[in-house]
Every structure is written in C-alpha cells, then in structure tokens.
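J.: This is upload-v4.txt, which holds compact mmCIF, C-alpha atoms:
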# COMPACT_ATOMS: atom_id res chain seq x y z
CA MET A 1 -16.82 68.10 -7.46
CA VAL A 2 -14.36 68.79 -4.67
CA LYS A 3 -11.17 70.41 -5.79
CA LYS A 4 -8.07 68.62 -4.40
CA HIS A 5 -5.09 70.63 -3.15
CA HIS A 6 -1.71 68.97 -3.45
CA ILE A 7 0.96 69.81 -0.85
CA PRO A 8 4.37 70.24 -2.48
CA VAL A 9 6.80 67.41 -1.69
CA ASN A 10 9.36 69.69 -0.02
CA VAL A 11 6.72 71.09 2.36
CA LEU A 12 5.56 67.56 3.12
CA THR A 13 9.12 66.50 3.95
CA LEU A 14 9.53 69.52 6.20
CA LEU A 15 6.30 68.74 8.06
CA GLU A 16 7.33 65.11 8.49
CA ASN A 17 10.70 66.14 9.87
CA MET A 18 9.07 68.56 12.30
CA PHE A 19 6.64 65.85 13.43
CA PHE A 20 9.41 63.33 14.11
CA PHE A 21 11.54 65.98 15.83
CA LEU A 22 8.68 66.89 18.19
CA LEU A 23 7.82 63.24 18.76
CA ARG A 24 11.42 62.35 19.56
CA TYR A 25 11.97 65.15 22.07
CA SER A 26 8.55 64.98 23.69
CA LEU A 27 9.14 61.28 24.40
CA LYS A 28 12.76 61.68 25.42
CA ILE A 29 13.11 60.23 28.92
CA GLU A 30 16.07 61.23 31.00
CA PRO A 31 17.79 58.26 32.67
CA PRO A 32 17.08 58.25 36.42
CA GLU A 33 19.68 59.91 38.61
CA LYS A 34 22.21 57.47 40.05
CA MET A 35 23.00 57.57 43.75
CA HIS A 36 26.72 57.14 44.40
CA LEU A 37 27.65 55.08 47.47
CA ALA A 38 31.26 54.53 48.60
CA VAL A 39 32.76 52.12 51.13
CA VAL A 40 36.28 51.13 52.14
CA ALA A 41 36.85 47.46 53.04
CA CYS A 42 40.00 45.94 54.48
CA GLY A 43 40.84 42.84 56.47
CA GLU A 44 37.89 40.68 57.55
CA ARG A 45 35.17 43.06 56.38
CA LEU A 46 34.00 41.33 53.19
CA GLU A 47 30.77 39.77 54.52
CA GLU A 48 29.89 42.85 56.55
CA THR A 49 30.35 45.08 53.49
CA LEU A 50 28.24 42.82 51.28
CA THR A 51 25.45 42.84 53.87
CA MET A 52 25.54 46.64 53.89
CA LEU A 53 25.36 46.74 50.07
CA LYS A 54 22.48 44.24 50.12
CA SER A 55 20.51 46.43 52.55
CA ALA A 56 21.03 49.39 50.21
CA ILE A 57 19.78 47.40 47.21
CA ILE A 58 16.74 45.89 48.96
CA PHE A 59 15.04 49.17 49.83
CA SER A 60 16.32 51.74 47.33
CA ILE A 61 14.29 53.05 44.41
CA LYS A 62 16.69 54.93 42.14
CA PRO A 63 19.67 53.02 40.70
CA LEU A 64 22.84 52.76 42.76
CA GLN A 65 26.47 53.16 41.76
CA PHE A 66 28.81 51.50 44.25
CA HIS A 67 32.42 52.66 44.61
CA ILE A 68 34.19 49.90 46.56
CA PHE A 69 37.74 50.55 47.76
CA ALA A 70 39.24 47.28 48.93
CA GLU A 71 42.51 45.48 49.48
CA ASP A 72 43.60 43.55 46.39
CA GLN A 73 42.98 40.13 47.94
CA LEU A 74 39.28 40.98 48.42
CA HIS A 75 38.56 42.05 44.83
CA ASP A 76 37.77 38.60 43.40
CA SER A 77 35.38 37.78 46.25
CA PHE A 78 33.55 41.09 45.81
CA LYS A 79 33.32 40.56 42.06
CA ASP A 80 31.98 37.01 42.36
CA ARG A 81 29.23 37.97 44.80
CA LEU A 82 28.19 41.23 43.15
CA ASP A 83 28.13 39.66 39.69
CA SER A 84 25.77 37.00 41.07
CA TRP A 85 23.39 39.84 41.96
CA SER A 86 23.53 41.43 38.50
CA PHE A 87 20.12 39.95 37.57
CA LEU A 88 18.60 42.69 39.78
CA GLN A 89 19.70 45.41 37.32
CA THR A 90 19.40 48.03 40.06
CA PHE A 91 23.08 48.76 40.64
CA ASN A 92 26.51 49.00 39.05
CA TYR A 93 29.82 48.81 40.84
CA THR A 94 33.48 49.71 40.45
CA LEU A 95 36.28 48.16 42.48
CA TYR A 96 39.30 50.31 43.35
CA PRO A 97 42.61 49.51 45.03
CA ILE A 98 43.49 51.22 48.31
CA THR A 99 45.63 54.21 47.35
CA PHE A 100 47.17 57.05 49.35
CA PRO A 101 49.43 59.92 48.29
CA SER A 102 52.75 58.18 47.59
CA GLU A 103 54.95 60.41 49.74
CA ASN A 104 52.96 59.71 52.93
CA ALA A 105 51.20 56.42 52.12
CA ALA A 106 52.50 54.49 55.15
CA GLU A 107 51.46 57.22 57.57
CA TRP A 108 47.92 57.45 56.17
CA LYS A 109 47.46 53.67 56.05
CA LYS A 110 48.19 53.14 59.75
CA LEU A 111 45.95 56.00 60.91
CA PHE A 112 43.23 54.68 63.30
CA LYS A 113 42.29 51.46 61.41
CA PRO A 114 43.83 49.96 58.27
CA CYS A 115 42.59 51.87 55.23
CA ALA A 116 40.00 53.97 57.12
CA SER A 117 41.58 57.28 56.09
CA GLN A 118 41.04 56.37 52.41
CA ARG A 119 37.70 58.15 52.74
CA LEU A 120 39.49 61.51 53.11
CA PHE A 121 40.81 61.21 49.56
CA LEU A 122 37.52 60.31 47.83
CA PRO A 123 36.91 63.86 46.51
CA LEU A 124 40.36 63.76 44.90
CA ILE A 125 40.07 60.22 43.48
CA LEU A 126 36.46 60.32 42.24
CA LYS A 127 36.93 63.56 40.34
CA GLU A 128 33.97 62.99 38.01
CA VAL A 129 31.49 62.27 40.83
CA ASP A 130 29.46 65.26 41.96
CA SER A 131 27.87 63.90 45.16
CA LEU A 132 28.57 60.81 47.23
CA LEU A 133 27.34 58.96 50.29
CA TYR A 134 30.24 57.41 52.20
CA VAL A 135 29.44 54.74 54.79
CA ASP A 136 31.50 52.47 57.02
CA THR A 137 31.28 48.73 56.37
CA ASP A 138 29.21 48.20 59.56
CA ILE A 139 26.23 50.20 58.30
CA LEU A 140 22.76 48.79 57.56
CA PHE A 141 20.11 50.73 55.64
CA LEU A 142 16.64 50.30 57.11
CA ARG A 143 15.03 52.69 54.64
CA PRO A 144 15.84 53.66 51.01
CA VAL A 145 19.17 55.31 50.26
CA ASP A 146 16.99 57.74 48.27
CA ASP A 147 15.85 59.32 51.54
CA ILE A 148 19.28 60.28 52.85
CA TRP A 149 20.33 61.21 49.29
CA SER A 150 17.45 63.70 49.19
CA LEU A 151 19.08 65.63 52.06
CA LEU A 152 21.57 67.00 49.50
CA LYS A 153 18.74 69.26 48.33
CA LYS A 154 18.46 70.68 51.86
CA PHE A 155 22.06 71.96 51.91
CA ASN A 156 22.27 75.72 51.94
CA SER A 157 24.79 77.49 49.71
CA THR A 158 27.71 77.08 52.14
CA GLN A 159 27.20 73.44 53.18
CA ILE A 160 29.40 70.79 51.59
CA ALA A 161 28.84 67.68 53.75
CA ALA A 162 26.43 66.16 56.28
CA MET A 163 27.03 63.99 59.35
CA ALA A 164 25.28 63.11 62.62
CA PRO A 165 26.45 64.16 66.10
CA GLU A 166 28.86 61.79 67.83
CA HIS A 167 26.70 61.93 70.98
CA GLU A 168 23.30 63.25 72.00
CA GLU A 169 24.07 63.23 75.71
CA PRO A 170 27.12 65.34 76.69
CA ARG A 171 27.50 63.45 80.00
CA ILE A 172 28.62 60.37 78.06
CA GLY A 173 30.23 62.28 75.16
CA TRP A 174 33.78 61.40 74.17
CA TYR A 175 34.98 64.56 72.47
CA ASN A 176 33.74 67.01 75.10
CA ARG A 177 35.36 64.94 77.87
CA PHE A 178 38.58 63.59 76.38
CA ALA A 179 39.53 65.22 73.04
CA ARG A 180 42.90 66.99 72.84
CA HIS A 181 42.02 68.80 69.64
CA PRO A 182 39.21 71.05 68.31
CA TYR A 183 35.94 69.33 67.35
CA TYR A 184 32.62 70.35 65.83
CA GLY A 185 29.77 71.60 68.03
CA LYS A 186 29.09 70.37 71.56
CA THR A 187 29.92 66.68 71.16
CA GLY A 188 31.68 66.33 67.79
CA VAL A 189 30.36 64.47 64.73
CA ASN A 190 30.54 60.83 63.68
CA SER A 191 31.84 60.17 60.17
CA GLY A 192 30.51 56.62 59.71
CA VAL A 193 27.71 58.03 57.53
CA MET A 194 28.88 61.05 55.54
CA LEU A 195 26.94 62.66 52.71
CA MET A 196 29.11 64.85 50.48
CA ASN A 197 28.71 67.40 47.73
CA MET A 198 32.20 66.71 46.40
CA THR A 199 32.07 69.40 43.73
CA ARG A 200 31.75 71.97 46.52
CA MET A 201 34.42 70.21 48.60
CA ARG A 202 36.91 70.40 45.74
CA ARG A 203 36.19 74.11 45.18
CA LYS A 204 36.20 75.29 48.78
CA TYR A 205 39.09 77.04 50.53
CA PHE A 206 39.11 76.01 54.19
CA LYS A 207 39.89 78.16 57.20
CA ASN A 208 42.43 76.48 59.48
CA ASP A 209 44.72 77.07 62.48
CA MET A 210 47.98 76.36 60.64
CA THR A 211 48.17 79.38 58.34
CA THR A 212 46.22 82.55 57.63
CA VAL A 213 45.85 81.28 54.04
CA HIS A 214 42.71 79.28 53.33
CA LEU A 215 43.59 75.85 51.89
CA LYS A 216 41.84 73.54 49.44
CA TRP A 217 40.85 69.98 50.41
CA GLY A 218 43.87 68.37 48.78
CA ASP A 219 46.29 70.80 50.44
CA ILE A 220 44.96 70.75 54.00
CA LEU A 221 45.00 67.03 54.82
CA MET A 222 48.74 66.42 55.32
CA PRO A 223 49.39 69.63 57.33
CA LEU A 224 46.45 68.68 59.60
CA LEU A 225 47.84 65.22 60.18
CA LYS A 226 51.33 66.54 60.91
CA LYS A 227 50.02 69.05 63.44
CA TYR A 228 47.57 66.76 65.26
CA LYS A 229 48.77 63.17 64.78
CA LEU A 230 49.93 62.85 68.40
CA ASN A 231 46.63 64.26 69.69
CA ILE A 232 44.04 62.29 67.72
CA THR A 233 42.43 58.99 68.71
CA TRP A 234 39.82 58.28 66.03
CA GLY A 235 41.99 59.05 63.00
CA ASP A 236 40.23 60.52 59.99
CA GLN A 237 37.07 61.27 61.99
CA ASP A 238 39.11 63.52 64.28
CA LEU A 239 40.61 65.32 61.28
CA LEU A 240 37.12 65.95 59.91
CA ASN A 241 36.03 67.30 63.30
CA ILE A 242 38.98 69.70 63.33
CA MET A 243 38.20 70.82 59.79
CA PHE A 244 34.53 71.52 60.52
CA PHE A 245 35.36 73.19 63.86
CA HIS A 246 37.07 75.89 61.79
CA ASN A 247 34.40 75.81 59.05
CA PRO A 248 31.09 75.15 60.89
CA GLU A 249 29.07 76.88 58.19
CA SER A 250 30.06 74.10 55.80
CA LEU A 251 28.40 71.23 57.71
CA PHE A 252 24.78 70.08 57.59
CA VAL A 253 23.95 68.05 60.71
CA PHE A 254 21.31 65.34 60.40
CA PRO A 255 19.61 63.61 63.37
CA CYS A 256 20.89 60.54 65.21
CA GLN A 257 18.37 58.16 63.60
CA TRP A 258 20.46 58.42 60.37
CA ASN A 259 23.50 57.00 62.21
CA TYR A 260 22.21 54.99 65.15
CA ARG A 261 24.96 53.36 67.24
CA PRO A 262 25.16 51.34 70.46
CA ASP A 263 26.05 54.57 72.29
CA HIS A 264 22.46 55.67 71.68
CA CYS A 265 21.06 52.92 73.89
CA ILE A 266 23.68 51.02 75.93
CA TYR A 267 23.36 53.44 78.86
CA GLY A 268 19.67 54.12 78.28
CA SER A 269 17.91 55.55 75.25
CA ASN A 270 19.19 58.97 74.16
CA CYS A 271 18.11 59.35 70.50
CA GLN A 272 14.64 60.82 70.68
CA GLU A 273 14.17 60.90 66.89
CA ALA A 274 14.69 57.13 66.70
CA GLU A 275 12.14 56.59 69.48
CA ASP A 276 9.64 58.70 67.56
CA GLU A 277 10.19 57.40 64.02
CA GLY A 278 12.44 54.35 64.29
CA ILE A 279 16.04 53.82 63.21
CA PHE A 280 16.78 54.84 59.61
CA ILE A 281 20.42 53.71 59.39
CA LEU A 282 21.95 51.27 61.87
CA HIS A 283 25.68 51.59 62.63
CA GLY A 284 27.07 48.54 64.39
CA ASN A 285 30.39 49.93 65.54
CA ARG A 286 32.28 48.37 68.46
CA GLY A 287 32.03 45.07 66.52
CA VAL A 288 28.51 44.46 67.84
CA TYR A 289 27.36 42.47 64.80
CA HIS A 290 29.90 39.78 65.65
CA ASP A 291 29.74 39.34 69.43
CA ASP A 292 27.05 38.93 72.08
CA LYS A 293 27.40 42.31 73.80
CA GLN A 294 24.52 44.00 71.94
CA PRO A 295 22.28 41.19 70.66
CA ALA A 296 19.64 43.59 69.26
CA PHE A 297 22.16 44.96 66.74
CA ARG A 298 23.36 41.47 65.90
CA ALA A 299 19.81 40.23 65.31
CA VAL A 300 19.15 42.89 62.66
CA TYR A 301 22.50 42.18 60.99
CA GLU A 302 21.88 38.41 60.90
CA ALA A 303 18.37 38.90 59.49
CA LEU A 304 19.61 41.03 56.58
CA ARG A 305 22.72 38.93 55.99
CA ASN A 306 20.62 35.78 55.63
CA CYS A 307 17.87 37.43 53.57
CA SER A 308 17.69 36.78 49.81
CA PHE A 309 16.33 39.19 47.21
CA GLU A 310 13.01 37.43 46.61
CA ASP A 311 10.05 39.62 47.56
CA ASN A 312 8.48 36.96 49.78
CA ASN A 313 11.74 36.38 51.62
CA ILE A 314 12.10 40.08 52.38
CA ARG A 315 8.47 40.34 53.56
CA SER A 316 8.88 37.32 55.83
CA LEU A 317 12.02 38.49 57.65
CA LEU A 318 10.06 40.72 60.05
CA LYS A 319 8.31 38.17 62.25
CA PRO A 320 11.40 36.01 62.99
CA LEU A 321 13.42 39.18 63.57
CA GLU A 322 10.89 40.50 66.07
CA LEU A 323 11.02 37.18 67.93
CA GLU A 324 14.83 37.39 68.08
CA LEU A 325 14.66 40.98 69.30
CA GLN A 326 12.23 40.00 72.06
CA LYS A 327 14.99 37.76 73.42
CA THR A 328 17.21 40.83 73.94
CA VAL A 329 15.05 42.73 76.44
CA HIS A 330 17.58 42.01 79.23
CA THR A 331 19.81 44.69 77.59
CA TYR A 332 19.16 48.43 77.51
CA CYS A 333 19.04 48.39 73.69
CA GLY A 334 16.74 45.36 73.71
CA LYS A 335 14.29 47.09 76.05
CA ILE A 336 13.46 49.47 73.18
CA TYR A 337 13.67 46.79 70.46
CA LYS A 338 10.65 48.16 68.60
CA ILE A 339 12.68 51.11 67.32
CA PHE A 340 14.85 48.57 65.44
CA ILE A 341 11.89 47.39 63.34
CA LYS A 342 9.61 50.43 63.24
CA GLN A 343 11.14 51.93 60.09
CA LEU A 344 12.03 48.51 58.68
CA MET A 345 8.33 47.54 58.70
CA LYS A 346 7.44 50.73 56.84
CA SER A 347 10.24 50.25 54.28
CA ILE A 348 9.12 46.69 53.52
CA ARG A 349 5.47 47.72 53.30
CA ASP A 350 6.23 50.67 50.99
CA ARG A 351 8.61 48.74 48.75
CA TYR A 352 7.16 45.24 48.61
CA ASP A 353 3.50 45.27 49.65
CA ARG A 354 2.29 47.67 46.95
CA PRO A 355 1.28 46.49 43.46
CA PRO A 356 4.29 46.74 41.06
CA LYS A 357 2.89 49.80 39.21
CA GLU A 358 2.74 51.78 42.45
CA ARG A 359 6.33 51.07 43.48
Kindly present the structure from the file in structure tokens form.

T.:
Amino acid sequence: MVKKHHIPVNVLTLLENMFFFLLRYSLKIEPPEKMHLAVVACGERLEETLTMLKSAIIFSIKPLQFHIFAEDQLHDSFKDRLDSWSFLQTFNYTLYPITFPSENAAEWKKLFKPCASQRLFLPLILKEVDSLLYVDTDILFLRPVDDIWSLLKKFNSTQIAAMAPEHEEPRIGWYNRFARHPYYGKTGVNSGVMLMNMTRMRRKYFKNDMTTVHLKWGDILMPLLKKYKLNITWGDQDLLNIMFFHNPESLFVFPCQWNYRPDHCIYGSNCQEAEDEGIFILHGNRGVYHDDKQPAFRAVYEALRNCSFEDNNIRSLLKPLELELQKTVHTYCGKIYKIFIKQLMKSIRDRYDRPPKER
C-alpha cells in the first residue's frame, strides 16, 4: 500500500501563487514601440499632408503616432479622413493648433512660409515625447518609417538630431554660394526631414555667437531670429543651420536618399546613394507634385494619392507608375526614373508579398 503525503493548504496556496506569478510575467508582452511623426500643415496643404501620412501607414511595421499641427479650419477635414482610416489600427493621431510664443507670435508666423517655424517649438510643446521624426507636408515615404527611425540608435552620445545635406554638388549649392549667415558643413543641411532625440535637445546647452553663455533650446531661438532675421532666406531651416554650425558635434548627417529633392536630378544626377539603392524618402519641394515641371515626382505623388489601403491595390500600383515614369524621360529626373521605383518595389514586396505570418 502506497502511503499518501498531503501538502498543507498554505503551502499549496503559496505554490499556486508562485506559479501564476511566473506565468503572468513570463507571458507579459511589452506593447510595441510607437514611432512619433510630426507635420505642420497650413493653407492648401491638406491633401498633400494626407498623402504623406498614407505613405507612412502603407509601408510601416511598428505603430505610428501622428502629431499634426494645423490651422483651425483644417482640423475637421483631417479628423474626417483620418477617422475613416481607423479600421487599419496601425496609427493614432493628435491634432494641435498652430501656436507660437505669445510675445513674438506674429514674427514667427511670417517667417519663410506660414506656420513653417512651428517645427522649431516641437521640443517645447511635445514635452512628453522622447524622439520624433518631423517631415514637411511634401514628403513621401517609399520605405518603412521604421528604417529612418532606427537611425536614432546610431546617434553617438553628443548627437541630438539628424538631417541630410542641402546639396551634394557644391557647384549648384545655395548656402555656399549665397548665404549671408553661418551654415553647417560644406553645403548646409535641409530640414524637410528631421529626426530628433528631443530629450537630448531639451537638456543641451548650445554654443552660439551671441553670448559666451551656452543657451538651452527654448532660450536661443528668439535671440537667433533677432540677430539674423535680415540675413536669412529659408526661415527656420537657416536658423537650424546656424545652430548646428556652432554645434556640429550635435548633428548626425544621413545620406541624400533619405531626403531626395528635385535638386538631386534637375541638373543631372548627383545623389549616388539613390542611384545605388533607390530613393528612400521623396521630397517634392518647389511645388513639383502640383505642376508639370518635374513629372517624375508628380507621377509618384499621384500614384500614392490615388492608392487605397487594400493589399492588391498597393501591389498593383507599380506597373502603371512605371509606365507613367517612362513618359518623363525627356527630363533629367525622368532619365533615371528607375531610382524612383527601385526601393518602392522592395518595400511592396517585403510588406505585401510575404505570407501574413512573415510580415
């Protein structure tokens, strides 16, 4: 006869509690990291901004948090369209009014373009956000936002932000030929795509040419504007160039394919990285999405604007787009039209042609 051993009830309860504790914490899954994307939209930029946001959603893997700063009259239109996309469950958004420091609001608002300088105040407004990708409204993502977001991990201990050079070819550079103020590096930087570690930006004391005292982000902006406002052409971008001229160790520079503009091809191709790997982020400045001057840029914009979120629709945009691009070979940018779809083909294949479990 086998002798039975009874476990005391209190020991049994303790063992059960330990089991459920271990089970709970071994299965605890951290929510995926959100990627924070900010844009500032004023005037007639609603459709352009929505197309940019759509391109971010189509290819990205991790969830997105949009921070949309817009004039009051645009808020309802943004809300209606973005709420109609909520079935995707891949993004959240917050709408903000355009706000500047009250004592100098008029001066900031008229700098360069309406509302553009709002981006300078993002570290001070979004105080709870650690890192942020700011983009202009005329940006199109041709690969996942995750990929540029991952560059944050490449920052060294002194770097607080990342941008691309304004020009690759000094002979056609603007800053090195015309600027009447300091600028970063050989040809300056373009702020249309700006990746920021805002925690570091808020903490840093910046060297400057106005005082021997190093100033924090919130304290340096107005003195910079007062000193240089008669000498700057491109508004907030010029102020950022001045700031990083004095603090070059704080900037991470990424290649031109992350901010590819008409300047990279209208006088002949001068972005080697894009020729090698394709365009990662398209920047249609100079209004090229809306006129006939650079039809290759417009073709990509129209394709993404008209694309819906169905998998088959996204897969099938490539062939018609390539046919449209082939019609642009009479332009310098059109001659190298394959760089406009090289990365796009890969992004669609990686995101939509794999079985769901592999995505």

J.: Please determine, counting all atoms listed in the file, which residue among A:Tyr205, A:Phe100, A:Phe78, A:Tyr184 has the shortest atom-to-atom distance to Asp238 (chain A).

T.: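 So, comparing all the options, the nearest one is A:Tyr184.
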
J.: Could you state the separation of CA of Tyr175 (chain A) and CA of Ile281 (chain A) in Å, given to one decimal place?

T.: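 If I compute the distance from CA of Tyr175 (chain A) to CA of Ile281 (chain A), I get 22.4 Å.
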
J.: Looking at only C-alpha atoms, which of A:Ile61, A:Leu82, A:Ile160, A:Ala106 is the one that sits closest to Tyr352 (chain A)?

T.: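 Checking each of A:Ile61, A:Leu82, A:Ile160, A:Ala106 against Tyr352 (chain A), counting only C-alpha atoms, the winner is A:Ile61.
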
J.: So how many Å separate CA of Arg202 (chain A) and CA of Leu221 (chain A), to one decimal?

T.: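 These atoms are spaced 12.6 Å apart.
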
J.: Just how far from CA of Thr137 (chain A) is CA of Arg305 (chain A), in Å to one decimal?

T.: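 About the pair CA of Arg305 (chain A) and CA of Thr137 (chain A): they are 13.0 Å apart.
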
J.: Excluding same-chain residues fewer than 3 positions from region 246-258 of chain A, what lies within 8 Å of it counting all atoms listed in the file, as a PDB file with C-alpha atoms, in the frame of the given file?

T.:
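Output contents, as saved in out-v5.pdb:
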ATOM      1  CA  ILE A 148      19.280  60.280  52.850  1.00  0.00           C
ATOM      2  CA  PHE A 155      22.060  71.960  51.910  1.00  0.00           C
ATOM      3  CA  THR A 158      27.710  77.080  52.140  1.00  0.00           C
ATOM      4  CA  GLN A 159      27.200  73.440  53.180  1.00  0.00           C
ATOM      5  CA  ILE A 160      29.400  70.790  51.590  1.00  0.00           C
ATOM      6  CA  ALA A 161      28.840  67.680  53.750  1.00  0.00           C
ATOM      7  CA  ALA A 162      26.430  66.160  56.280  1.00  0.00           C
ATOM      8  CA  MET A 163      27.030  63.990  59.350  1.00  0.00           C
ATOM      9  CA  ALA A 164      25.280  63.110  62.620  1.00  0.00           C
ATOM     10  CA  PRO A 165      26.450  64.160  66.100  1.00  0.00           C
ATOM     11  CA  GLU A 168      23.300  63.250  72.000  1.00  0.00           C
ATOM     12  CA  TYR A 184      32.620  70.350  65.830  1.00  0.00           C
ATOM     13  CA  VAL A 193      27.710  58.030  57.530  1.00  0.00           C
ATOM     14  CA  PHE A 206      39.110  76.010  54.190  1.00  0.00           C
ATOM     15  CA  LYS A 207      39.890  78.160  57.200  1.00  0.00           C
ATOM     16  CA  ASN A 208      42.430  76.480  59.480  1.00  0.00           C
ATOM     17  CA  ASP A 209      44.720  77.070  62.480  1.00  0.00           C
ATOM     18  CA  ILE A 242      38.980  69.700  63.330  1.00  0.00           C
ATOM     19  CA  MET A 243      38.200  70.820  59.790  1.00  0.00           C
ATOM     20  CA  CYS A 271      18.110  59.350  70.500  1.00  0.00           C
ATOM     21  CA  GLU A 273      14.170  60.900  66.890  1.00  0.00           C
ATOM     22  CA  ALA A 274      14.690  57.130  66.700  1.00  0.00           C
ATOM     23  CA  GLY A 278      12.440  54.350  64.290  1.00  0.00           C
ATOM     24  CA  ILE A 279      16.040  53.820  63.210  1.00  0.00           C
ATOM     25  CA  PHE A 280      16.780  54.840  59.610  1.00  0.00           C
ATOM     26  CA  ILE A 281      20.420  53.710  59.390  1.00  0.00           C
ATOM     27  CA  LEU A 282      21.950  51.270  61.870  1.00  0.00           C
TER      28      LEU A 282
END

J.: So which one's closest to Tyr93 (chain A), A:Cys265, A:Leu152, A:Ala116, A:Ile57? Using all atoms listed in the file, please.

T.: A:Ile57

J.: What would region 325-340 of chain A look like with N, CA, C and O atoms restored, written as a compact mmCIF listing (two decimals), keeping the file's coordinate frame?

T.:
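The result, stored in result_15.txt:
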# COMPACT_ATOMS: atom_id res chain seq x y z
N LEU A 325 14.48 39.74 68.54
CA LEU A 325 14.66 40.98 69.30
C LEU A 325 14.00 40.89 70.68
O LEU A 325 14.50 41.45 71.66
N GLN A 326 12.90 40.16 70.76
CA GLN A 326 12.23 40.00 72.06
C GLN A 326 13.10 39.24 73.06
O GLN A 326 12.91 39.35 74.27
N LYS A 327 14.06 38.48 72.55
CA LYS A 327 14.99 37.76 73.42
C LYS A 327 16.09 38.67 73.99
O LYS A 327 16.91 38.23 74.78
N THR A 328 16.12 39.93 73.54
CA THR A 328 17.21 40.83 73.94
C THR A 328 16.77 41.85 74.99
O THR A 328 17.52 42.79 75.29
N VAL A 329 15.59 41.70 75.55
CA VAL A 329 15.05 42.73 76.44
C VAL A 329 15.82 42.83 77.76
O VAL A 329 15.58 43.76 78.55
N HIS A 330 16.75 41.91 78.01
CA HIS A 330 17.58 42.01 79.23
C HIS A 330 18.66 43.07 79.06
O HIS A 330 19.34 43.42 80.02
N THR A 331 18.83 43.61 77.83
CA THR A 331 19.81 44.69 77.59
C THR A 331 19.06 46.02 77.44
O THR A 331 17.88 46.04 77.10
N TYR A 332 19.79 47.12 77.67
CA TYR A 332 19.16 48.43 77.51
C TYR A 332 18.65 48.64 76.08
O TYR A 332 17.57 49.18 75.86
N CYS A 333 19.46 48.22 75.08
CA CYS A 333 19.04 48.39 73.69
C CYS A 333 17.84 47.50 73.38
O CYS A 333 16.93 47.90 72.65
N GLY A 334 17.84 46.29 73.94
CA GLY A 334 16.74 45.36 73.71
C GLY A 334 15.42 45.82 74.32
O GLY A 334 14.35 45.48 73.81
N LYS A 335 15.51 46.59 75.40
CA LYS A 335 14.29 47.09 76.05
C LYS A 335 13.46 47.95 75.09
O LYS A 335 12.25 48.06 75.22
N ILE A 336 14.16 48.61 74.14
CA ILE A 336 13.46 49.47 73.18
C ILE A 336 13.54 48.85 71.78
O ILE A 336 13.67 49.55 70.77
N TYR A 337 13.43 47.50 71.72
CA TYR A 337 13.67 46.79 70.46
C TYR A 337 12.75 47.23 69.32
O TYR A 337 13.08 47.10 68.14
N LYS A 338 11.59 47.79 69.66
CA LYS A 338 10.65 48.16 68.60
C LYS A 338 11.19 49.26 67.69
O LYS A 338 10.78 49.36 66.53
N ILE A 339 12.12 50.06 68.19
CA ILE A 339 12.68 51.11 67.32
C ILE A 339 13.57 50.49 66.23
O ILE A 339 13.85 51.13 65.22
N PHE A 340 14.01 49.23 66.44
CA PHE A 340 14.85 48.57 65.44
C PHE A 340 14.03 48.08 64.25
O PHE A 340 14.58 47.84 63.18
